[in-house]
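Structure first, then comments.
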Amino acid sequence: MSDRLAILLIRFRWWLLAIGVLLGTLAFGPAQRLDFDRSIENMFAANDPLLQPYARLKRTFGGNEVVMAVYDDPDLLHPDRQGIQRLAKISEALQETEGVRGVLSLAQLDTSLEKMSAAASLFGLASIPEQGIVQQDNDLSQRFLRLFQGYTHGADQRTVAIVCMLEPEDAVQVPRRETIDALREKIESLADGQITGEPVMLVDGFRYIEDDGYRLGIGCTILLSLTILICFRSWRWVLISISVVQLALLLTRGVLVSSGLRLSMVSSMLTAIVTVVGIATVVHVIVRFRQARSDGLSPHDAFRHMASILAVPVFWALMTDTVGFASLTIAEVTPVRDFGIMMAIGSMMVLVSVVLLVPALTLAGRHPEHAQTWKSERLLAARLNQILGLVERRPATIGILAVVFFIVTAAGISRLQIETDFTRNFRAGSPIVQAYDTVETNLGGAGVWDVILPAPETLNWDYLARVLRLERRLREEVVVQDSQGQSQPALKVLSLADAVVAGAPMLPRTRNPVRRTIILSGAIAAMVTHMPVVGETLHGRDPEFDLEQTGDDANSPAGPWFFRIMLRAEERQSSEQKHALIEQVTEITREEFPEAEVTGFFVLLTNLISSILRDQWLTFALALMGIGLTMGLAFLRPTYVLIGLVPNALPILTVTGLMGWLGLPINMGAAMIAAVSLGLSVDSSIHYLSSFQRARRAGLSVTESLHEVQQMVGRAMVFSTLALIIGFSVLMTSQFVPTIYFGALVTLTMLGGLLGNLIVLPLLLRLVTRESLPSASTAAVDDAACSNEPS
C-alpha cells in the first residue's frame, strides 16, 4: 500500500499543491483573527471551587481589579505640605485615566480629614488636624497613617503608593491594555514611578507573549532554514520546509478560530513548535530522497522510493505527536489544556501540509544529476558506526551505567519544588518585576488576597466587634520568623472596621448603646461620604446571590451583603509556606465566621501552579498509554512498544529529576515537558523500528539490520534532532520565563532521547531479537505492520 500511495502522490501532485494553496488562502483571513484570552479566571476549570468566591469578590466589590502606582518622595509628609500637594496632582491625573473608577492615596485621606471636621463635634469623632494628614502631634492623623501604612505609603514615609481601582472591563469601551499603558506613562512622566498589580501583570504577560509569538516564530524559521541550508546545501529544501510550516500554521490558526478557541498564557510557543515539528518531518524526507538519488535513481523514482519507506513511519510519528499533545487536555489548568488542543491540531496540520506540498515542490524544476554526499555526512556516518560498535562490544557496561545514571538522577523528582511567585514568570530586569520588588521591600508584601464575610446591610457595633476580634487574631496568630528568630506578623490586615475605629476611637469604650449607635452611624456615614473608595470596596451587596437557597429575606430588594477584609502577604515565599499561610488564615477565619471565604489573586496563583504539577504526572501517564497504544497499532508487536518507549521516557524522568537536585522550581512551562517531549522524541524510535523491521524482512541479520538503520535513520535522527534543538533553543530568548523553561528542558530531553535512540534502542533490539532470520509468521506480522497505512 505504501508504494501505491507514493504513485498517487506523484500522479496528483499538482492537484494536491492547488488544494494546499486554496486552503492556505481560505485560512489566511480567519488566522489573523486569533486573539488571546487574558482573564485570570479562565486559567482554571469552570467548576473549580476556587472560582466561586473570587467571582463573588469581583461582583460584590466592583471588579476587584487594582493597580498600585508607586514612587519615591522624601518630602511626602513634610509640614510644608508640598509632598501632599504633589501627590494630589498625581492622584488627580491618574483618576482622570479612562477605565479608572477611583483612586486612594494619602492625598484623598488628607482631603477626607478636612471634610470630616464638620461632623467631628456632632458625632463625637476625634479632633481634626489643622494641617491635615501631615500633622505629627494629632492622634487622628497618626492613626490614619498607621492604618494605611503599606497601602498608601511605606514605613519609611517616603515610598508613596496610589491605589487605582479599575472599572470592570466589560463596563468600559477602552481596552484594559490602553488603561494600563496610560497609567504607566503618567506615573513615569510625573514622578518617575512604577505600577504593579494583577491587571498590570496580566497585561504585561500577554504583551510579552504576543511579542514572543511573532519574534520566536520568525527566529525559529530563520535558524532552522539556515540549519537545513548548511546541512544539505539546497535552497529547494529550505523553500519546502518554510512552505510546509506556513501552511500548517495557517490551517491550525484557521481551525482554532473556527472552533472558538483563543490563545492562552503559554500559546507563544504555538508557532515555534509547529515550525519545529514540520521541519523535523521534512528532514526525514530530505535524507531519504537524497540517499535514493545518490543510489542513481531518477527524481521520480527517488521520490517513489522515499515515499514508500516513509509514509507509514511519518504518519505514526505525527500521530504520536498528536497523542502526546492531546494528553494535556485532561489538565485542570486551562492554558495547559488549550495548549494541548492547539498543538494536537497543529501536528495533524503538519501531516496535511506535507501531503499537499512536498510531492509537487520536491519534483518541480530540475535536479542535479546526482546528490552529493558532503564530508560532514561521511564523518557523521563514521561516528554513528563507532557508537553502534561500542554498543556491540560493551552491552552490559552500557546497560548498567544507563540504569545507575537514571536511578540517581530520577531520585531528584522527590525534591521538586513548585514556583508560586508569579512575578518569577518574568525576567528579573522587566518593569513589572522591579515594581514588585519595590512593593515587597518598602510596602510590606506584594501578595494581595481577601477574606469575605457575610454581613448585615446596616453595620452595627456587635458585628464590627466580631470583625475586629478576627483581625486581631490574624495579626497576632499568623506570624513568621525574621532573620533574628523573632516572630513578626505575616499579614497586613485592613477593613472598614479599622477605618471606623481610627476615626472614632471612643467607640470600643462607649457603653451607652444609643450613643454608640449614633457615633457608629456618623463614622460610617463620614467614611462613605468622604472616602467612597474605602466604603464601596469594603462593604457591598452581591447582585447575583441566590436568596432562596440561603433563606435570606425574599422581600429584600437585592442579594445579601458582604464585608471584605483586605490582606497583604509576602509574595516571595515557597509553595509550602503559602499553602500553610492560606490554611491557617482559613481556619482562624472560619472559627469566627463559619461561612467566610478566603480568596484573591494570591490564593488563585498558589493553587494554580500546584495543579500544574499534579497535572504533569497525570498527563505523562496518559501520554505513555496513548503513545504506547499508537505504537502498538503501528507495529503490532508489544515488545517494540516497550523498547520504543524506554529510551524516550527515561530522559524525561532524568531531566525532571535533575531539576529537583538543582533546586529549580516547577513552573507552567516545566510542567508541560513530560507529555510533550515524549510525543516528540518517540518519533525517532518509530522511524528506527520501522526501518529495522524492513531490513529484517529483506533478509538481513540483526547486526546487518542495525548497521543499515544506524546509517540511514541515524543520520535523519541526528539532523531532525538538531533541528528540534535549534528550534526550541529560540524559545530561550523569550521574555516569559515559562517559555524559556519549556525551550531549555525540551532541548535537553530531545538530546537525551537522541542518545537513547542511538545507544539504548539498538541495545534493546539486540537483546529482544534473535539473530536467525524471521520466520514466515513473524515476517507476515512485520509485513502487516510495515504496510499499516492510514485509511
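Starting from 1 in every chain, residues are counted up; chains themselves are A, B, ... following the order of the C-alpha cells, and ligands are numbered from 1 as listed.
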Write out as a tab-separated table (two decimals) with all heavy atoms, in the first residue's frame the residues lying within 12 Å of Leu608 (chain A), counting only C-alpha atoms and excluding same-chain residues fewer than 3 positions away.
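So selection-v1.tsv came out as:
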```tsv
chain	number	residue	atom	x	y	z
A	40	ILE	N	-7.74	35.93	34.38
A	40	ILE	CA	-7.15	35.00	35.33
A	40	ILE	C	-8.11	33.84	35.62
A	40	ILE	O	-7.68	32.70	35.81
A	40	ILE	CB	-6.79	35.74	36.66
A	40	ILE	CG1	-6.13	34.78	37.64
A	40	ILE	CG2	-8.01	36.37	37.27
A	40	ILE	CD1	-4.77	34.34	37.23
A	41	GLU	N	-9.43	34.11	35.58
A	41	GLU	CA	-10.40	33.05	35.88
A	41	GLU	C	-10.33	31.92	34.87
A	41	GLU	O	-10.51	30.75	35.24
A	41	GLU	CB	-11.83	33.60	35.90
A	41	GLU	CG	-12.08	34.66	36.97
A	41	GLU	CD	-11.93	36.06	36.42
A	41	GLU	OE1	-10.96	36.31	35.66
A	41	GLU	OE2	-12.76	36.92	36.75
A	42	ASN	N	-10.08	32.24	33.62
A	42	ASN	CA	-10.07	31.22	32.59
A	42	ASN	C	-8.81	30.36	32.61
A	42	ASN	O	-8.64	29.50	31.74
A	42	ASN	CB	-10.25	31.86	31.21
A	42	ASN	CG	-11.66	32.37	31.02
A	42	ASN	OD1	-12.60	31.93	31.68
A	42	ASN	ND2	-11.83	33.31	30.12
A	43	MET	N	-7.92	30.60	33.56
A	43	MET	CA	-6.80	29.69	33.75
A	43	MET	C	-7.23	28.45	34.55
A	43	MET	O	-6.48	27.50	34.68
A	43	MET	CB	-5.65	30.39	34.48
A	43	MET	CG	-5.00	31.49	33.67
A	43	MET	SD	-3.56	32.17	34.52
A	43	MET	CE	-3.08	33.45	33.37
A	44	PHE	N	-8.46	28.48	35.09
A	44	PHE	CA	-8.97	27.38	35.90
A	44	PHE	C	-10.15	26.72	35.20
A	44	PHE	O	-10.79	27.31	34.33
A	44	PHE	CB	-9.43	27.89	37.28
A	44	PHE	CG	-8.33	28.45	38.12
A	44	PHE	CD1	-7.90	29.76	37.96
A	44	PHE	CD2	-7.71	27.68	39.08
A	44	PHE	CE1	-6.89	30.29	38.72
A	44	PHE	CE2	-6.69	28.19	39.86
A	44	PHE	CZ	-6.28	29.50	39.68
A	45	ALA	N	-10.44	25.48	35.59
A	45	ALA	CA	-11.62	24.81	35.07
A	45	ALA	C	-12.87	25.56	35.54
A	45	ALA	O	-12.88	26.15	36.62
A	45	ALA	CB	-11.65	23.36	35.56
A	48	ASP	N	-14.07	24.78	39.04
A	48	ASP	CA	-13.09	24.83	40.13
A	48	ASP	C	-13.69	25.58	41.32
A	48	ASP	O	-14.20	26.70	41.17
A	48	ASP	CB	-11.82	25.55	39.65
A	48	ASP	CG	-10.65	25.32	40.60
A	48	ASP	OD1	-10.80	25.65	41.80
A	48	ASP	OD2	-9.61	24.84	40.15
A	50	LEU	N	-12.40	27.18	43.61
A	50	LEU	CA	-11.73	28.43	43.93
A	50	LEU	C	-12.37	29.62	43.22
A	50	LEU	O	-12.22	30.77	43.66
A	50	LEU	CB	-10.25	28.36	43.53
A	50	LEU	CG	-9.36	27.41	44.33
A	50	LEU	CD1	-7.99	27.32	43.68
A	50	LEU	CD2	-9.23	27.89	45.77
A	51	LEU	N	-13.06	29.36	42.13
A	51	LEU	CA	-13.58	30.47	41.32
A	51	LEU	C	-14.81	31.13	41.91
A	51	LEU	O	-15.03	32.32	41.72
A	51	LEU	CB	-13.90	29.97	39.90
A	51	LEU	CG	-12.70	29.65	39.01
A	51	LEU	CD1	-13.17	29.27	37.62
A	51	LEU	CD2	-11.74	30.84	38.94
A	331	ALA	N	-5.64	18.18	31.68
A	331	ALA	CA	-5.13	19.05	32.73
A	331	ALA	C	-6.25	19.92	33.28
A	331	ALA	O	-7.19	20.30	32.57
A	331	ALA	CB	-4.00	19.93	32.19
A	332	GLU	N	-6.15	20.25	34.57
A	332	GLU	CA	-7.13	21.13	35.19
A	332	GLU	C	-6.88	22.59	34.84
A	332	GLU	O	-7.80	23.41	34.87
A	332	GLU	CB	-7.09	20.96	36.71
A	332	GLU	CG	-7.52	19.57	37.19
A	332	GLU	CD	-7.50	19.47	38.71
A	332	GLU	OE1	-7.29	20.51	39.36
A	332	GLU	OE2	-7.70	18.37	39.23
A	333	VAL	N	-5.64	22.93	34.53
A	333	VAL	CA	-5.28	24.31	34.25
A	333	VAL	C	-5.59	24.61	32.79
A	333	VAL	O	-5.06	23.97	31.87
A	333	VAL	CB	-3.78	24.55	34.53
A	333	VAL	CG1	-3.41	26.00	34.23
A	333	VAL	CG2	-3.48	24.21	35.99
A	334	THR	N	-6.47	25.57	32.56
A	334	THR	CA	-6.99	25.83	31.22
A	334	THR	C	-5.91	26.17	30.20
A	334	THR	O	-5.95	25.66	29.07
A	334	THR	CB	-8.05	26.94	31.27
A	334	THR	OG1	-9.10	26.53	32.16
A	334	THR	CG2	-8.64	27.20	29.90
A	335	PRO	N	-4.92	27.05	30.49
A	335	PRO	CA	-3.90	27.32	29.47
A	335	PRO	C	-3.15	26.08	29.01
A	335	PRO	O	-2.84	25.95	27.82
A	335	PRO	CB	-2.95	28.31	30.18
A	335	PRO	CG	-3.78	28.96	31.21
A	335	PRO	CD	-4.72	27.90	31.68
A	336	VAL	N	-2.86	25.17	29.93
A	336	VAL	CA	-2.17	23.93	29.56
A	336	VAL	C	-3.09	23.07	28.70
A	336	VAL	O	-2.67	22.49	27.69
A	336	VAL	CB	-1.73	23.17	30.82
A	336	VAL	CG1	-1.11	21.82	30.46
A	336	VAL	CG2	-0.74	24.01	31.62
A	418	ILE	N	7.64	23.80	43.81
A	418	ILE	CA	6.71	24.50	42.93
A	418	ILE	C	6.98	25.99	42.99
A	418	ILE	O	7.16	26.55	44.08
A	418	ILE	CB	5.25	24.22	43.34
A	418	ILE	CG1	5.00	22.71	43.39
A	418	ILE	CG2	4.28	24.87	42.36
A	418	ILE	CD1	3.65	22.35	43.99
A	419	GLU	N	7.02	26.64	41.84
A	419	GLU	CA	7.20	28.09	41.78
A	419	GLU	C	5.83	28.76	41.89
A	419	GLU	O	5.01	28.69	40.98
A	419	GLU	CB	7.86	28.49	40.46
A	419	GLU	CG	8.11	30.00	40.34
A	419	GLU	CD	9.02	30.52	41.44
A	419	GLU	OE1	10.23	30.44	41.28
A	419	GLU	OE2	8.47	30.98	42.47
A	420	THR	N	5.57	29.39	43.04
A	420	THR	CA	4.28	30.05	43.24
A	420	THR	C	4.37	31.57	43.16
A	420	THR	O	3.35	32.25	43.26
A	420	THR	CB	3.69	29.66	44.62
A	420	THR	OG1	4.65	29.98	45.64
A	420	THR	CG2	3.38	28.18	44.67
A	421	ASP	N	5.59	32.09	43.01
A	421	ASP	CA	5.75	33.53	42.85
A	421	ASP	C	5.55	33.86	41.36
A	421	ASP	O	6.41	33.61	40.53
A	421	ASP	CB	7.15	33.96	43.30
A	421	ASP	CG	7.38	35.46	43.17
A	421	ASP	OD1	6.46	36.16	42.69
A	421	ASP	OD2	8.46	35.93	43.55
A	422	PHE	N	4.38	34.42	41.04
A	422	PHE	CA	4.04	34.64	39.64
A	422	PHE	C	4.96	35.68	38.99
A	422	PHE	O	5.13	35.70	37.78
A	422	PHE	CB	2.59	35.09	39.51
A	422	PHE	CG	2.00	34.83	38.16
A	422	PHE	CD1	1.65	33.56	37.77
A	422	PHE	CD2	1.79	35.88	37.27
A	422	PHE	CE1	1.12	33.31	36.51
A	422	PHE	CE2	1.26	35.64	36.01
A	422	PHE	CZ	0.92	34.36	35.63
A	575	SER	N	6.10	27.39	48.06
A	575	SER	CA	4.74	26.87	47.91
A	575	SER	C	4.22	26.34	49.24
A	575	SER	O	3.05	26.57	49.60
A	575	SER	CB	4.73	25.74	46.86
A	575	SER	OG	3.49	25.10	46.81
A	579	HIS	N	0.84	27.73	51.10
A	579	HIS	CA	-0.30	26.85	51.41
A	579	HIS	C	-0.58	26.85	52.91
A	579	HIS	O	-1.75	26.88	53.34
A	579	HIS	CB	-0.02	25.43	50.91
A	579	HIS	CG	-0.30	25.23	49.46
A	579	HIS	ND1	-1.58	25.20	48.93
A	579	HIS	CD2	0.53	25.06	48.40
A	579	HIS	CE1	-1.53	25.02	47.64
A	579	HIS	NE2	-0.26	24.93	47.28
A	601	PHE	N	-6.08	36.99	44.34
A	601	PHE	CA	-5.04	36.63	43.38
A	601	PHE	C	-3.98	35.74	44.02
A	601	PHE	O	-3.50	34.78	43.42
A	601	PHE	CB	-4.42	37.92	42.85
A	601	PHE	CG	-3.63	37.76	41.60
A	601	PHE	CD1	-4.16	37.11	40.50
A	601	PHE	CD2	-2.35	38.28	41.49
A	601	PHE	CE1	-3.44	36.96	39.34
A	601	PHE	CE2	-1.62	38.14	40.33
A	601	PHE	CZ	-2.16	37.48	39.25
A	602	PHE	N	-3.59	36.04	45.24
A	602	PHE	CA	-2.58	35.27	45.98
A	602	PHE	C	-3.02	33.82	46.11
A	602	PHE	O	-2.24	32.89	45.89
A	602	PHE	CB	-2.39	35.92	47.35
A	602	PHE	CG	-1.34	35.30	48.22
A	602	PHE	CD1	-0.02	35.71	48.12
A	602	PHE	CD2	-1.66	34.34	49.16
A	602	PHE	CE1	0.97	35.15	48.94
A	602	PHE	CE2	-0.70	33.79	49.98
A	602	PHE	CZ	0.62	34.20	49.87
A	603	VAL	N	-4.29	33.60	46.46
A	603	VAL	CA	-4.82	32.25	46.65
A	603	VAL	C	-4.90	31.51	45.32
A	603	VAL	O	-4.52	30.33	45.21
A	603	VAL	CB	-6.20	32.31	47.32
A	603	VAL	CG1	-6.81	30.92	47.45
A	603	VAL	CG2	-6.11	32.97	48.68
A	604	LEU	N	-5.39	32.19	44.29
A	604	LEU	CA	-5.56	31.55	42.99
A	604	LEU	C	-4.23	31.06	42.42
A	604	LEU	O	-4.11	29.92	41.97
A	604	LEU	CB	-6.22	32.52	42.01
A	604	LEU	CG	-7.69	32.87	42.25
A	604	LEU	CD1	-8.20	33.79	41.16
A	604	LEU	CD2	-8.56	31.63	42.34
A	605	LEU	N	-3.22	31.92	42.44
A	605	LEU	CA	-1.95	31.55	41.83
A	605	LEU	C	-1.21	30.48	42.62
A	605	LEU	O	-0.52	29.65	42.05
A	605	LEU	CB	-1.07	32.79	41.67
A	605	LEU	CG	-1.54	33.78	40.60
A	605	LEU	CD1	-0.55	34.91	40.46
A	605	LEU	CD2	-1.73	33.09	39.27
A	611	SER	N	-1.68	22.78	40.85
A	611	SER	CA	-2.49	21.99	39.93
A	611	SER	C	-1.66	21.57	38.72
A	611	SER	O	-1.78	20.45	38.22
A	611	SER	CB	-3.71	22.79	39.46
A	611	SER	OG	-4.54	23.12	40.55
A	612	ILE	N	-0.79	22.46	38.25
A	612	ILE	CA	0.04	22.15	37.10
A	612	ILE	C	0.97	20.98	37.41
A	612	ILE	O	1.16	20.08	36.57
A	612	ILE	CB	0.85	23.39	36.68
A	612	ILE	CG1	-0.07	24.44	36.06
A	612	ILE	CG2	1.95	23.02	35.69
A	612	ILE	CD1	0.63	25.72	35.69
A	613	LEU	N	1.56	20.96	38.60
A	613	LEU	CA	2.47	19.86	38.96
A	613	LEU	C	1.71	18.54	39.02
A	613	LEU	O	2.20	17.51	38.55
A	613	LEU	CB	3.15	20.15	40.30
A	613	LEU	CG	4.19	19.13	40.74
A	613	LEU	CD1	5.31	19.01	39.71
A	613	LEU	CD2	4.76	19.48	42.11
A	614	ARG	N	0.51	18.56	39.61
A	614	ARG	CA	-0.30	17.33	39.63
A	614	ARG	C	-0.63	16.88	38.22
A	614	ARG	O	-0.58	15.70	37.88
A	614	ARG	CB	-1.58	17.55	40.43
A	614	ARG	CG	-1.37	17.74	41.93
A	614	ARG	CD	-2.70	17.62	42.66
A	614	ARG	NE	-3.68	18.58	42.19
A	614	ARG	CZ	-3.83	19.81	42.69
A	614	ARG	NH1	-3.04	20.21	43.69
A	614	ARG	NH2	-4.75	20.62	42.23
A	615	ASP	N	-0.96	17.84	37.39
A	615	ASP	CA	-1.32	17.53	36.00
A	615	ASP	C	-0.17	16.90	35.24
A	615	ASP	O	-0.37	16.07	34.36
A	615	ASP	CB	-1.78	18.79	35.27
A	615	ASP	CG	-3.14	19.29	35.75
A	615	ASP	OD1	-3.84	18.50	36.40
A	615	ASP	OD2	-3.47	20.45	35.47
A	666	ILE	N	9.37	24.04	39.63
A	666	ILE	CA	8.45	23.73	38.52
A	666	ILE	C	7.55	24.94	38.27
A	666	ILE	O	6.90	25.45	39.18
A	666	ILE	CB	7.58	22.51	38.88
A	666	ILE	CG1	8.43	21.24	38.88
A	666	ILE	CG2	6.43	22.38	37.90
A	666	ILE	CD1	8.80	20.73	37.51
A	667	ASN	N	7.51	25.42	37.04
A	667	ASN	CA	6.56	26.46	36.67
A	667	ASN	C	5.68	25.96	35.54
A	667	ASN	O	5.69	24.78	35.19
A	667	ASN	CB	7.28	27.76	36.30
A	667	ASN	CG	8.19	27.61	35.09
A	667	ASN	OD1	8.07	26.67	34.31
A	667	ASN	ND2	9.11	28.55	34.94
A	668	MET	N	4.91	26.86	34.94
A	668	MET	CA	3.93	26.46	33.94
A	668	MET	C	4.59	25.80	32.73
A	668	MET	O	4.04	24.89	32.12
A	668	MET	CB	3.12	27.68	33.50
A	668	MET	CG	1.83	27.37	32.81
A	668	MET	SD	0.89	28.87	32.40
A	668	MET	CE	0.60	29.53	34.03
A	671	ALA	N	6.11	22.19	33.66
A	671	ALA	CA	5.10	21.19	33.95
A	671	ALA	C	4.53	20.54	32.69
A	671	ALA	O	3.80	19.56	32.79
A	671	ALA	CB	3.97	21.80	34.78
```
Open item on the list: According to DSSP computed on the backbone, where in region 447-560 of chain A is there helix (DSSP H, G or I)? Give the residues as a ChimeraX atom specification.
Closed with: /A:461-477,496-503,507-509,513-530,532-538,547-550
Open item on the list: List as a ChimeraX atom specification the protein and nucleic acid residues near Thr60 (chain A), meaning an atom at most 7 Å away when only C-alpha atoms are counted, but skip any in the same chain fewer than 3 places from it.
Closed with: /A:56-57,540-542
Task: Residue set, region 165-283 of chain A restricted to strand (DSSP E or B), as an MDAnalysis selection string - done: chainID A and resid 165:166 194:196 263
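The smallest atom-to-atom distance between Val200 (chain A) and any of A:Ile432, A:Gly254, A:Leu297, A:Thr656, using only C-alpha atoms, is found for A:Ile432.
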Task: region 449-466 of chain A environment, 10 Å, only C-alpha atoms, sequence neighbours closer than 3 positions dropped, as a PyMOL selection string - done: chain A and resi 53-54+56-57+60+446+469-472+493-498+500-501+507-508+513+516-517+520-521+524+538-541+559-569+582+585-586+589-590+592-604
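The nearest approach to Asn442 (chain A) among the residues A:Ala410, A:Ala161, A:Met659, A:Ala55, with only C-alpha atoms taken into account, belongs to A:Ala161.
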Open item on the list: Applying 9 Å and only C-alpha atoms, which residues near Ile309 (chain A) remain after dropping the ones on its own chain fewer than 6 positions away? List them as a list in words.
Closed with: Ser2, Asp3, Arg288, Ser690, Ser691, Arg694 and Cys786 of chain A
Export, as a PDB file, in the first residue's frame, the selected residues with N, CA and C atoms.
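What ended up in result_28.pdb:
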```pdb
ATOM      1  N   SER A   2       2.025   1.202   0.640  1.00  0.00           N
ATOM      2  CA  SER A   2       2.902   2.372   0.664  1.00  0.00           C
ATOM      3  C   SER A   2       3.328   2.757  -0.739  1.00  0.00           C
ATOM      4  N   ASP A   3       3.621   1.727  -1.581  1.00  0.00           N
ATOM      5  CA  ASP A   3       4.054   2.007  -2.939  1.00  0.00           C
ATOM      6  C   ASP A   3       2.914   2.612  -3.754  1.00  0.00           C
ATOM      7  N   ARG A 288      16.149  10.668   3.066  1.00  0.00           N
ATOM      8  CA  ARG A 288      15.782   9.501   2.254  1.00  0.00           C
ATOM      9  C   ARG A 288      15.836   9.816   0.752  1.00  0.00           C
ATOM     10  N   SER A 690      10.731   0.986  12.448  1.00  0.00           N
ATOM     11  CA  SER A 690      10.136   0.683  11.144  1.00  0.00           C
ATOM     12  C   SER A 690      11.204   0.247  10.147  1.00  0.00           C
ATOM     13  N   SER A 691      12.328   0.955  10.121  1.00  0.00           N
ATOM     14  CA  SER A 691      13.408   0.594   9.201  1.00  0.00           C
ATOM     15  C   SER A 691      14.054  -0.734   9.607  1.00  0.00           C
ATOM     16  N   ARG A 694      11.873  -3.416   8.300  1.00  0.00           N
ATOM     17  CA  ARG A 694      12.027  -3.535   6.856  1.00  0.00           C
ATOM     18  C   ARG A 694      13.329  -4.269   6.508  1.00  0.00           C
ATOM     19  N   CYS A 786       4.393  -2.995   8.557  1.00  0.00           N
ATOM     20  CA  CYS A 786       5.057  -2.044   7.672  1.00  0.00           C
ATOM     21  C   CYS A 786       4.107  -1.479   6.626  1.00  0.00           C
TER      22      CYS A 786
END
```
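Using only C-alpha atoms, the nearest neighbour of Glu708 (chain A) within the list A:Leu678, A:Leu147, A:Val478, A:Leu388 is A:Leu388.
In this model, the gap between CA of Val245 (chain A) and CA of Ala674 (chain A) comes to 24.1 Å.
Compared by their closest atoms to Ala307 (chain A), and using only C-alpha atoms, the residues A:Leu650, A:Val760, A:Ile240, A:Leu8 rank with A:Leu8 nearest.
Nearest to Glu440 (chain A) of all the residues A:Gly752, A:Pro532, A:Pro395, A:Gly197 is A:Gly197, based on only C-alpha atoms.
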